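Text of entry_38.txt, listed as compact mmCIF, C-alpha atoms:
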```txt
# COMPACT_ATOMS: atom_id res chain seq x y z
CA MET A 864 -11.66 -87.63 17.62
CA ALA A 865 -8.82 -89.78 16.25
CA VAL A 866 -5.86 -87.88 14.90
CA ARG A 867 -2.84 -89.00 12.92
CA GLY A 868 0.51 -87.30 12.58
CA ASP A 869 1.67 -84.80 9.99
CA TYR A 870 1.83 -87.34 7.18
CA ALA A 871 1.36 -91.07 6.68
CA SER A 872 2.61 -93.64 4.23
CA ALA A 873 0.05 -95.26 1.98
CA SER A 874 1.31 -98.74 2.87
CA GLY A 875 3.77 -100.68 4.96
CA ILE A 876 2.62 -99.64 8.45
CA ALA A 877 2.98 -102.85 10.43
CA ARG A 878 2.06 -101.47 13.86
CA GLN A 879 0.78 -98.21 15.25
CA TRP A 880 0.46 -97.55 18.96
CA GLN A 881 -2.80 -95.95 20.08
CA PHE A 882 -2.87 -93.27 22.79
CA ASP A 883 -6.14 -92.25 24.48
CA ILE A 884 -5.83 -88.78 26.04
CA ILE A 885 -8.51 -88.19 28.68
CA VAL A 886 -9.51 -84.66 29.66
CA ALA A 887 -12.13 -83.02 31.87
CA ASP A 888 -13.29 -79.39 32.00
CA GLY A 889 -10.47 -77.25 33.39
CA PHE A 890 -7.70 -79.49 32.04
CA VAL A 891 -4.15 -78.13 31.84
CA LEU A 892 -3.31 -77.23 28.25
CA THR A 893 0.45 -77.49 28.89
CA GLU A 894 0.09 -81.17 29.72
CA LEU A 895 -2.12 -81.94 26.73
CA ALA A 896 0.42 -80.31 24.43
CA GLY A 897 3.25 -82.15 26.18
CA VAL A 898 1.76 -85.46 25.07
CA VAL A 899 0.30 -84.54 21.69
CA ASP A 900 3.26 -82.60 20.33
CA VAL A 901 5.67 -85.41 21.20
CA LEU A 902 3.49 -87.88 19.29
CA ARG A 903 2.90 -85.53 16.37
CA ILE A 904 6.58 -84.71 15.91
CA ALA A 905 7.60 -88.35 16.32
CA ASN A 906 5.22 -89.23 13.47
CA ARG A 907 6.94 -86.63 11.31
CA VAL A 908 10.52 -87.73 11.93
CA CYS A 909 10.01 -91.51 11.79
CA PRO A 910 10.05 -93.46 8.51
CA MET A 911 6.46 -94.60 9.14
CA PRO A 912 4.18 -92.75 11.61
CA PRO A 913 4.12 -95.08 14.65
CA PHE A 914 1.50 -93.32 16.80
CA THR A 915 -2.19 -92.40 16.71
CA PHE A 916 -4.10 -90.56 19.40
CA THR A 917 -7.69 -89.83 20.38
CA TYR A 918 -9.04 -87.14 22.70
CA ARG A 919 -11.54 -88.61 25.15
CA SER A 920 -13.73 -87.54 28.05
CA LEU A 921 -16.39 -89.29 30.14
CA LYS A 922 -19.29 -87.95 28.05
CA GLY A 923 -17.60 -86.81 24.84
CA GLY A 924 -18.13 -83.45 23.16
CA LEU A 925 -16.25 -80.17 23.53
CA VAL A 926 -14.14 -79.91 26.69
CA SER A 927 -12.63 -76.60 27.84
CA SER A 928 -9.13 -76.18 29.23
CA SER A 929 -8.27 -73.82 32.08
CA ALA A 930 -6.86 -71.51 29.38
CA GLY A 931 -10.20 -71.36 27.55
CA ALA A 932 -9.16 -73.56 24.62
CA TYR A 933 -11.54 -76.34 23.63
CA VAL A 934 -10.87 -79.81 22.27
CA PRO A 935 -13.48 -82.10 20.68
CA THR A 936 -13.55 -85.47 22.44
CA ASP A 937 -14.99 -88.92 21.92
CA PRO A 938 -16.60 -90.74 24.89
CA ILE A 939 -14.51 -93.31 26.72
CA PRO A 940 -15.64 -96.66 25.30
CA ALA A 941 -16.95 -99.47 27.47
CA GLN A 942 -14.22 -101.74 26.12
CA PRO A 943 -11.24 -99.48 25.43
CA ARG A 944 -8.47 -100.69 23.14
CA ALA A 945 -5.65 -98.17 23.61
CA ASP A 946 -2.05 -99.14 24.24
CA TYR A 947 -1.42 -96.05 26.38
CA VAL A 948 -3.70 -93.71 28.30
CA PHE A 949 -2.81 -90.23 29.56
CA VAL A 950 -5.19 -88.60 32.03
CA ILE A 951 -4.45 -84.88 31.90
CA GLY A 952 -4.19 -82.84 35.10
CA ASN A 953 -6.83 -80.31 36.08
CA THR A 954 -7.00 -76.93 37.82
CA ASP A 955 -9.58 -78.43 40.18
CA PRO A 956 -8.21 -81.48 42.02
CA ASP A 957 -11.72 -82.14 43.36
CA ASN A 958 -13.27 -82.42 39.89
CA PRO A 959 -15.37 -85.61 40.11
CA GLU A 960 -14.35 -86.52 36.56
CA LEU A 961 -10.85 -87.24 37.89
CA SER A 962 -12.22 -90.17 39.92
CA LEU A 963 -11.55 -92.77 37.27
CA ALA A 964 -10.94 -96.00 39.18
CA ARG A 965 -13.35 -97.98 37.00
CA VAL A 966 -12.03 -96.45 33.79
CA ILE A 967 -8.44 -97.15 34.80
CA SER A 968 -9.39 -100.73 35.59
CA ASP A 969 -11.10 -101.12 32.19
CA TYR A 970 -7.95 -99.97 30.41
CA THR A 971 -5.45 -101.94 32.47
CA TYR A 972 -7.58 -105.10 32.16
CA ARG A 973 -6.92 -104.85 28.43
CA ASP A 974 -3.17 -104.36 28.96
CA ALA A 975 -3.04 -100.59 28.53
CA LYS A 976 -0.48 -98.54 30.42
CA VAL A 977 -2.16 -95.63 32.26
CA PHE A 978 -0.36 -92.36 33.03
CA LEU A 979 -2.00 -90.07 35.59
CA LEU A 980 -0.73 -86.48 35.54
CA ALA A 981 -0.59 -84.04 38.48
CA GLU A 982 -4.13 -83.67 39.92
CA ALA A 983 -5.22 -86.93 38.28
CA ALA A 984 -2.34 -88.62 40.12
CA SER A 985 -3.27 -86.89 43.38
CA ARG A 986 -6.86 -88.04 43.08
CA TYR A 987 -5.71 -91.61 42.47
CA ILE A 988 -3.36 -91.43 45.47
CA LYS A 989 -6.13 -90.03 47.68
CA ASP A 990 -8.83 -92.46 46.52
CA LYS A 991 -6.55 -95.50 46.76
CA GLY A 992 -4.61 -94.47 49.83
CA ALA A 993 -1.66 -95.32 47.65
CA GLU A 994 1.85 -94.77 48.97
CA ASP A 995 5.09 -94.37 47.03
CA HIS A 996 3.42 -92.53 44.13
CA ALA A 997 4.42 -89.25 42.50
CA THR A 998 2.46 -86.08 41.84
CA HIS A 999 3.31 -82.40 41.36
CA TRP A 1000 4.99 -81.00 44.47
CA GLU A 1001 2.12 -78.50 44.94
CA ASN A 1002 -0.38 -81.34 45.04
CA ALA A 1003 1.80 -83.25 47.48
CA SER A 1004 1.40 -80.28 49.82
CA PHE A 1005 -2.39 -80.38 49.37
CA LEU A 1006 -2.41 -84.08 50.27
CA ARG A 1007 -0.54 -83.39 53.49
CA GLU A 1008 -2.87 -80.52 54.39
CA ARG A 1009 -5.86 -82.82 53.86
CA GLY A 1010 -4.53 -85.32 56.36
CA ALA A 1011 -2.91 -87.95 54.16
CA GLY A 1012 -0.88 -90.24 56.36
CA PHE A 1013 2.02 -90.34 53.91
CA ASP A 1014 3.99 -88.12 51.54
CA ALA A 1015 3.87 -88.34 47.77
CA LYS A 1016 7.20 -88.82 46.03
CA PHE A 1017 8.98 -85.89 44.39
CA SER A 1018 10.31 -87.78 41.38
CA ILE A 1019 8.76 -86.81 38.03
CA ALA A 1020 7.02 -90.21 37.79
CA THR A 1021 6.64 -93.54 39.55
CA GLU A 1022 5.65 -96.79 37.89
CA HIS A 1023 3.56 -99.40 39.68
CA GLY A 1024 2.61 -102.15 37.27
CA PRO A 1025 0.26 -100.73 34.64
CA VAL A 1026 -0.27 -97.39 36.45
CA VAL A 1027 2.23 -94.54 36.31
CA THR A 1028 1.69 -91.46 38.48
CA CYS A 1029 3.39 -88.31 37.21
CA ALA A 1030 4.22 -84.76 38.24
CA GLY A 1031 2.68 -83.35 35.05
CA MET A 1032 3.32 -79.78 33.80
CA GLY A 1033 6.65 -79.52 31.91
CA ALA A 1034 7.68 -83.01 33.03
CA THR A 1035 4.89 -84.37 30.81
CA VAL A 1036 7.26 -84.00 27.85
CA ASP A 1037 9.87 -86.15 29.58
CA VAL A 1038 7.30 -88.85 30.31
CA ALA A 1039 5.96 -88.81 26.75
CA LEU A 1040 9.52 -88.98 25.35
CA ALA A 1041 10.20 -91.97 27.60
CA VAL A 1042 7.09 -93.74 26.29
CA ILE A 1043 7.82 -93.20 22.60
CA GLY A 1044 11.39 -94.32 23.27
CA ARG A 1045 10.00 -97.83 23.77
CA HIS A 1046 8.96 -97.94 20.10
CA ILE A 1047 11.35 -95.69 18.13
CA SER A 1048 15.12 -95.41 17.94
CA GLY A 1049 17.22 -93.34 20.31
CA ALA A 1050 18.19 -90.99 17.50
CA ALA A 1051 14.57 -90.40 16.53
CA ARG A 1052 13.63 -89.70 20.12
CA MET A 1053 16.54 -87.28 20.44
CA THR A 1054 15.41 -85.52 17.26
CA VAL A 1055 11.91 -85.06 18.71
CA ALA A 1056 13.43 -83.54 21.85
CA ASP A 1057 15.67 -81.25 19.77
CA ILE A 1058 12.75 -80.00 17.66
CA MET A 1059 10.90 -79.21 20.89
CA LEU A 1060 14.03 -77.42 22.23
CA HIS A 1061 13.90 -79.87 25.14
CA GLU A 1062 17.54 -80.01 26.16
CA ASN A 1063 17.58 -82.68 28.86
CA ILE A 1064 15.41 -85.81 28.75
CA ARG A 1065 14.80 -86.81 32.35
CA ASP A 1066 14.03 -90.36 33.40
CA PHE A 1067 11.21 -91.20 35.81
CA SER A 1068 13.49 -91.19 38.85
CA SER A 1069 14.68 -87.62 38.22
CA MET A 1070 13.61 -85.24 40.94
CA GLN A 1071 11.28 -82.33 40.28
CA PRO A 1072 13.29 -79.13 39.65
CA PHE A 1073 12.97 -77.55 43.09
CA SER A 1074 15.22 -80.33 44.44
CA GLY A 1075 18.23 -78.91 42.59
CA ILE A 1076 19.19 -82.28 41.13
CA LYS A 1077 21.18 -82.02 37.89
CA THR A 1078 20.27 -84.31 35.03
CA THR A 1079 21.80 -85.37 31.74
CA THR A 1080 20.25 -85.83 28.33
CA THR A 1081 21.01 -89.55 28.06
CA GLY A 1082 21.93 -90.50 31.61
CA ASP A 1083 25.66 -90.58 30.80
CA GLN A 1084 27.75 -87.40 30.68
CA THR A 1085 30.35 -88.79 28.26
CA LEU A 1086 27.61 -89.89 25.89
CA ASP A 1087 26.05 -86.42 26.16
CA GLN A 1088 29.41 -84.91 25.18
CA CYS A 1089 29.70 -87.28 22.22
CA ILE A 1090 26.24 -86.37 20.93
CA LYS A 1091 26.98 -82.66 21.26
CA ILE A 1092 30.07 -83.13 19.08
CA MET A 1093 27.95 -85.00 16.53
CA GLN A 1094 25.31 -82.27 16.57
CA ALA A 1095 27.96 -79.61 15.98
CA ASN A 1096 29.41 -81.54 13.03
CA ILE A 1097 26.47 -82.51 10.81
CA GLU A 1098 27.79 -81.11 7.52
CA GLU A 1099 31.23 -82.70 7.93
CA PRO A 1100 30.77 -85.78 10.14
CA VAL A 1101 33.60 -86.56 12.54
CA PRO A 1102 35.02 -90.08 12.06
CA ILE A 1103 34.31 -92.35 15.02
CA ASN A 1104 38.03 -92.89 15.71
CA GLU A 1105 38.43 -89.12 16.14
CA LEU A 1106 35.40 -89.01 18.41
CA VAL A 1107 36.76 -91.66 20.75
CA ASN A 1108 40.12 -89.87 20.87
CA ALA A 1109 38.42 -86.61 21.82
CA LEU A 1110 36.41 -88.37 24.53
CA GLY A 1111 39.32 -90.43 25.84
CA LEU A 1112 37.49 -93.72 25.24
CA SER A 1113 38.08 -96.87 23.28
CA ASN A 1114 35.88 -97.74 20.30
CA ARG A 1115 34.41 -100.63 22.27
CA SER A 1116 33.56 -98.46 25.28
CA LEU A 1117 31.72 -95.96 23.10
CA GLU A 1118 29.84 -98.75 21.33
CA ARG A 1119 28.77 -100.19 24.69
CA LYS A 1120 27.48 -96.82 25.84
CA PHE A 1121 25.42 -96.32 22.68
CA LYS A 1122 24.07 -99.85 22.87
CA SER A 1123 23.23 -99.60 26.57
CA TYR A 1124 21.62 -96.14 26.59
CA LEU A 1125 20.30 -95.74 23.04
CA GLY A 1126 20.04 -99.26 21.62
CA THR A 1127 22.13 -98.51 18.54
CA THR A 1128 25.70 -98.02 17.30
CA PRO A 1129 27.57 -94.69 17.18
CA ASN A 1130 27.58 -94.77 13.37
CA GLY A 1131 23.89 -95.68 13.23
CA PHE A 1132 22.94 -92.90 15.62
CA TYR A 1133 25.05 -90.32 13.78
CA ARG A 1134 23.60 -91.31 10.40
CA GLU A 1135 20.02 -91.14 11.67
CA MET A 1136 20.65 -87.76 13.29
CA ARG A 1137 21.88 -86.41 9.96
CA LEU A 1138 18.92 -87.96 8.10
CA ALA A 1139 16.51 -86.37 10.58
CA LYS A 1140 18.01 -82.95 9.86
CA ALA A 1141 17.83 -83.69 6.13
CA ASN A 1142 14.16 -84.60 6.47
CA ASN A 1143 13.46 -81.34 8.30
CA LEU A 1144 15.23 -79.30 5.59
CA LEU A 1145 13.44 -81.21 2.86
CA LEU A 1146 9.99 -80.50 4.28
CA ASN A 1147 10.56 -76.95 5.48
CA THR A 1148 13.00 -75.24 3.08
CA THR A 1149 13.40 -74.68 -0.65
CA MET A 1150 16.97 -76.03 -0.68
CA SER A 1151 17.67 -78.47 -3.50
CA VAL A 1152 18.00 -82.15 -2.66
CA ARG A 1153 21.70 -82.01 -3.47
CA GLU A 1154 22.20 -78.98 -1.20
CA ILE A 1155 20.41 -80.79 1.61
CA GLY A 1156 22.57 -83.87 1.14
CA LEU A 1157 25.74 -81.77 1.33
CA ALA A 1158 24.46 -79.84 4.38
CA CYS A 1159 23.85 -83.11 6.22
CA GLY A 1160 27.11 -84.87 5.45
CA PHE A 1161 26.01 -86.92 2.43
CA PRO A 1162 28.16 -85.69 -0.49
CA ASN A 1163 27.25 -88.80 -2.50
CA GLY A 1164 24.33 -91.21 -2.57
CA PHE A 1165 22.01 -89.09 -0.41
CA SER A 1166 18.79 -90.09 -2.20
CA ALA A 1167 19.58 -93.80 -1.89
CA VAL A 1168 20.39 -93.51 1.84
CA TYR A 1169 17.25 -91.44 2.41
CA LYS A 1170 15.04 -93.96 0.60
CA SER A 1171 16.57 -96.90 2.48
CA PHE A 1172 15.50 -95.25 5.75
CA TYR A 1173 12.25 -93.43 4.92
CA GLY A 1174 11.04 -95.78 2.17
CA ILE A 1175 10.62 -92.96 -0.33
CA THR A 1176 13.02 -90.76 -2.29
CA PRO A 1177 13.40 -87.14 -1.19
CA PHE A 1178 12.16 -85.96 -4.62
CA VAL A 1179 8.93 -87.96 -4.35
CA LEU A 1180 8.27 -86.94 -0.73
CA ARG A 1181 8.71 -83.27 -1.56
CA ARG A 1182 6.40 -83.58 -4.58
CA GLN A 1183 3.74 -85.29 -2.44
CA ARG A 1184 3.99 -82.65 0.28
CA ARG A 1185 3.61 -79.83 -2.23
CA ALA A 1186 0.57 -81.57 -3.72
CA VAL A 1187 -1.30 -81.73 -0.40
CA GLY A 1188 -0.04 -78.38 0.88
CA PRO A 1189 1.00 -77.50 4.45
CA GLY A 1190 -0.70 -79.28 7.32
```

Would you mind writing the structure in this file as structure tokens?
Amino acid sequence: MAVRGDYASASGIARQWQFDIIVADGFVLTELAGVVDVLRIANRVCPMPPFTFTYRSLKGGLVSSSAGAYVPTDPIPAQPRADYVFVIGNTDPDNPELSLARVISDYTYRDAKVFLLAEAASRYIKDKGAEDHATHWENASFLRERGAGFDAKFSIATEHGPVVTCAGMGATVDVALAVIGRHISGAARMTVADIMLHENIRDFSSMQPFSGIKTTTTGDQTLDQCIKIMQANIEEPVPINELVNALGLSNRSLERKFKSYLGTTPNGFYREMRLAKANNLLLNTTMSVREIGLACGFPNGFSAVYKSFYGITPFVLRRQRRAVGPG
């Protein structure tokens, strides 16, 4: 069942990235939501929805999660065409539907990137005798008890060519955020994380929480501090020269950090952060367009800036949303 995001533009979509999400009976609902909600929210905050996703299973039809919730699925095609595949973990690591070597091969042959979560990763590790792969720490214990001659890694994910093995559970959100970060801006990705109340975005090498390792949102503590100042000053943006003074950096050093970690400039990131908040207020409040502009640090020219980024004026978008109703 193919699903798009919250809204889509009628034209101008140059490229959308397709995600196939594979489930089997007993799948972990937390992990499904960790992928789908990241994609859905990203589609809402980006100028044009960049992602589509389809629920799949070996046979198609309704598939039940361990929590008793069902999802309708399409069968896995003989010649799959997805860009990314997520195989959701399962309460039963011995479920035969997690043995997907042929399916994985079909996808990777067509240049898809395959992400195996928790039990799906464990099954892959066991079937392949694969070393240096990650899975949930509980499953790593099961592998040892079943006589595996090696230990799984305790990072949240490991990448080996087209196959990524992952810890799953709450770390699924981090992995999904990392994937969408390949196709959307750093500010948009940060906005998705903020909407999900996901404070720290961990990279693949981050250790699973029991290790006690501390992480940062961006990978750089000074950059984290800068973004927190920006987030606290949306209505009255802080000039960049004041930011660098507060951080004890030069303008050039701050620009390098933004370019290196987020692929943008400080001003560009700050502007997009404010536009993302404006978009949220526009779609979810009754504030006037002028009030929204003022609340997001655009005392003048808000509609023009908004249209230059989202391709539509705030007045028109709000009218269209009211016409179709909530969804």

Might you pull out every residue within 9 Å of Val966 of chain A, with all atoms listed in the file counted and same-chain residues fewer than 4 positions away left off, and present them as a PyMOL selection string? chain A and resi 939+941+943+962+970-971

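These residues, each with an atom at most 8 Å from (-1.9, -94.9, 14.9) using only C-alpha atoms, are Arg867, Arg878, Gln879, Trp880, Gln881, Pro912, Pro913, Phe914, Thr915 and Phe916 of chain A.
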
Of the residues A:Ala1003, A:Leu1144, A:Ile1103, A:Leu963, which is the one nearest to Arg1115 of chain A, using all atoms listed in the file? A:Ile1103

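The residue that comes closest to Gly1049 of chain A, out of A:Glu1062, A:Asp990, A:Glu1135, A:Asp1083 and on the basis of all atoms listed in the file, is A:Glu1135.
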
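Taking only C-alpha atoms into account, Asp957 of chain A lies nearest to A:Ala984 out of the set A:Leu1086, A:Val934, A:Ile1097, A:Ala984.
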
List as a tab-separated table every residue of segment 1042-1074 of chain A that is in contact with segment 887-902 of chain A, defined as an atom at most 12 Å from one of its atoms (using only C-alpha atoms), together with the nearest atom pair and the distance in Å rounded to one decimal, sorted by chain and then rising number.
```
residue	atom	partner	partner_atom	distance
A:Val1042	CA	A:Leu902	CA	9.8
A:Ile1043	CA	A:Leu902	CA	7.6
A:Gly1044	CA	A:Val901	CA	10.8
A:His1046	CA	A:Leu902	CA	11.5
A:Ile1047	CA	A:Leu902	CA	11.1
A:Ala1051	CA	A:Val901	CA	11.2
A:Arg1052	CA	A:Val901	CA	9.1
A:Met1053	CA	A:Val901	CA	11.1
A:Thr1054	CA	A:Val901	CA	10.5
A:Val1055	CA	A:Val901	CA	6.7
A:Ala1056	CA	A:Val901	CA	8.0
A:Asp1057	CA	A:Val901	CA	10.9
A:Ile1058	CA	A:Val901	CA	9.6
A:Met1059	CA	A:Val901	CA	8.1
A:Leu1060	CA	A:Val901	CA	11.6
A:His1061	CA	A:Val901	CA	10.7
```

Generate the coordinates of N, CA and C atoms for segment 1022-1037 of chain A; report them as a CSV table (one decimal), in the coordinates of the input.
```
chain,number,residue,atom,x,y,z
A,1022,GLU,N,6.3,-95.7,38.7
A,1022,GLU,CA,5.6,-96.8,37.9
A,1022,GLU,C,5.3,-98.0,38.8
A,1023,HIS,N,4.0,-98.3,38.9
A,1023,HIS,CA,3.6,-99.4,39.7
A,1023,HIS,C,2.7,-100.3,38.8
A,1024,GLY,N,3.3,-101.3,38.2
A,1024,GLY,CA,2.6,-102.2,37.3
A,1024,GLY,C,2.1,-101.3,36.1
A,1025,PRO,N,0.8,-101.4,35.8
A,1025,PRO,CA,0.3,-100.7,34.6
A,1025,PRO,C,-0.1,-99.3,34.9
A,1026,VAL,N,0.1,-98.8,36.1
A,1026,VAL,CA,-0.3,-97.4,36.4
A,1026,VAL,C,1.0,-96.6,36.8
A,1027,VAL,N,1.1,-95.4,36.1
A,1027,VAL,CA,2.2,-94.5,36.3
A,1027,VAL,C,1.7,-93.2,36.8
A,1028,THR,N,2.1,-92.8,38.0
A,1028,THR,CA,1.7,-91.5,38.5
A,1028,THR,C,2.8,-90.5,38.2
A,1029,CYS,N,2.4,-89.3,37.8
A,1029,CYS,CA,3.4,-88.3,37.2
A,1029,CYS,C,3.2,-86.9,37.8
A,1030,ALA,N,4.3,-86.1,37.8
A,1030,ALA,CA,4.2,-84.8,38.2
A,1030,ALA,C,3.4,-83.9,37.3
A,1031,GLY,N,3.4,-84.2,36.0
A,1031,GLY,CA,2.7,-83.4,35.0
A,1031,GLY,C,3.5,-82.1,34.7
A,1032,MET,N,2.7,-81.1,34.3
A,1032,MET,CA,3.3,-79.8,33.8
A,1032,MET,C,4.4,-80.1,32.8
A,1033,GLY,N,5.6,-79.4,32.9
A,1033,GLY,CA,6.6,-79.5,31.9
A,1033,GLY,C,7.2,-80.9,31.9
A,1034,ALA,N,7.1,-81.6,33.0
A,1034,ALA,CA,7.7,-83.0,33.0
A,1034,ALA,C,6.9,-84.0,32.2
A,1035,THR,N,5.7,-83.5,31.7
A,1035,THR,CA,4.9,-84.4,30.8
A,1035,THR,C,5.7,-84.7,29.5
A,1036,VAL,N,6.5,-83.8,29.0
A,1036,VAL,CA,7.3,-84.0,27.8
A,1036,VAL,C,8.3,-85.1,28.1
A,1037,ASP,N,8.9,-85.1,29.3
A,1037,ASP,CA,9.9,-86.2,29.6
A,1037,ASP,C,9.2,-87.5,29.6
```
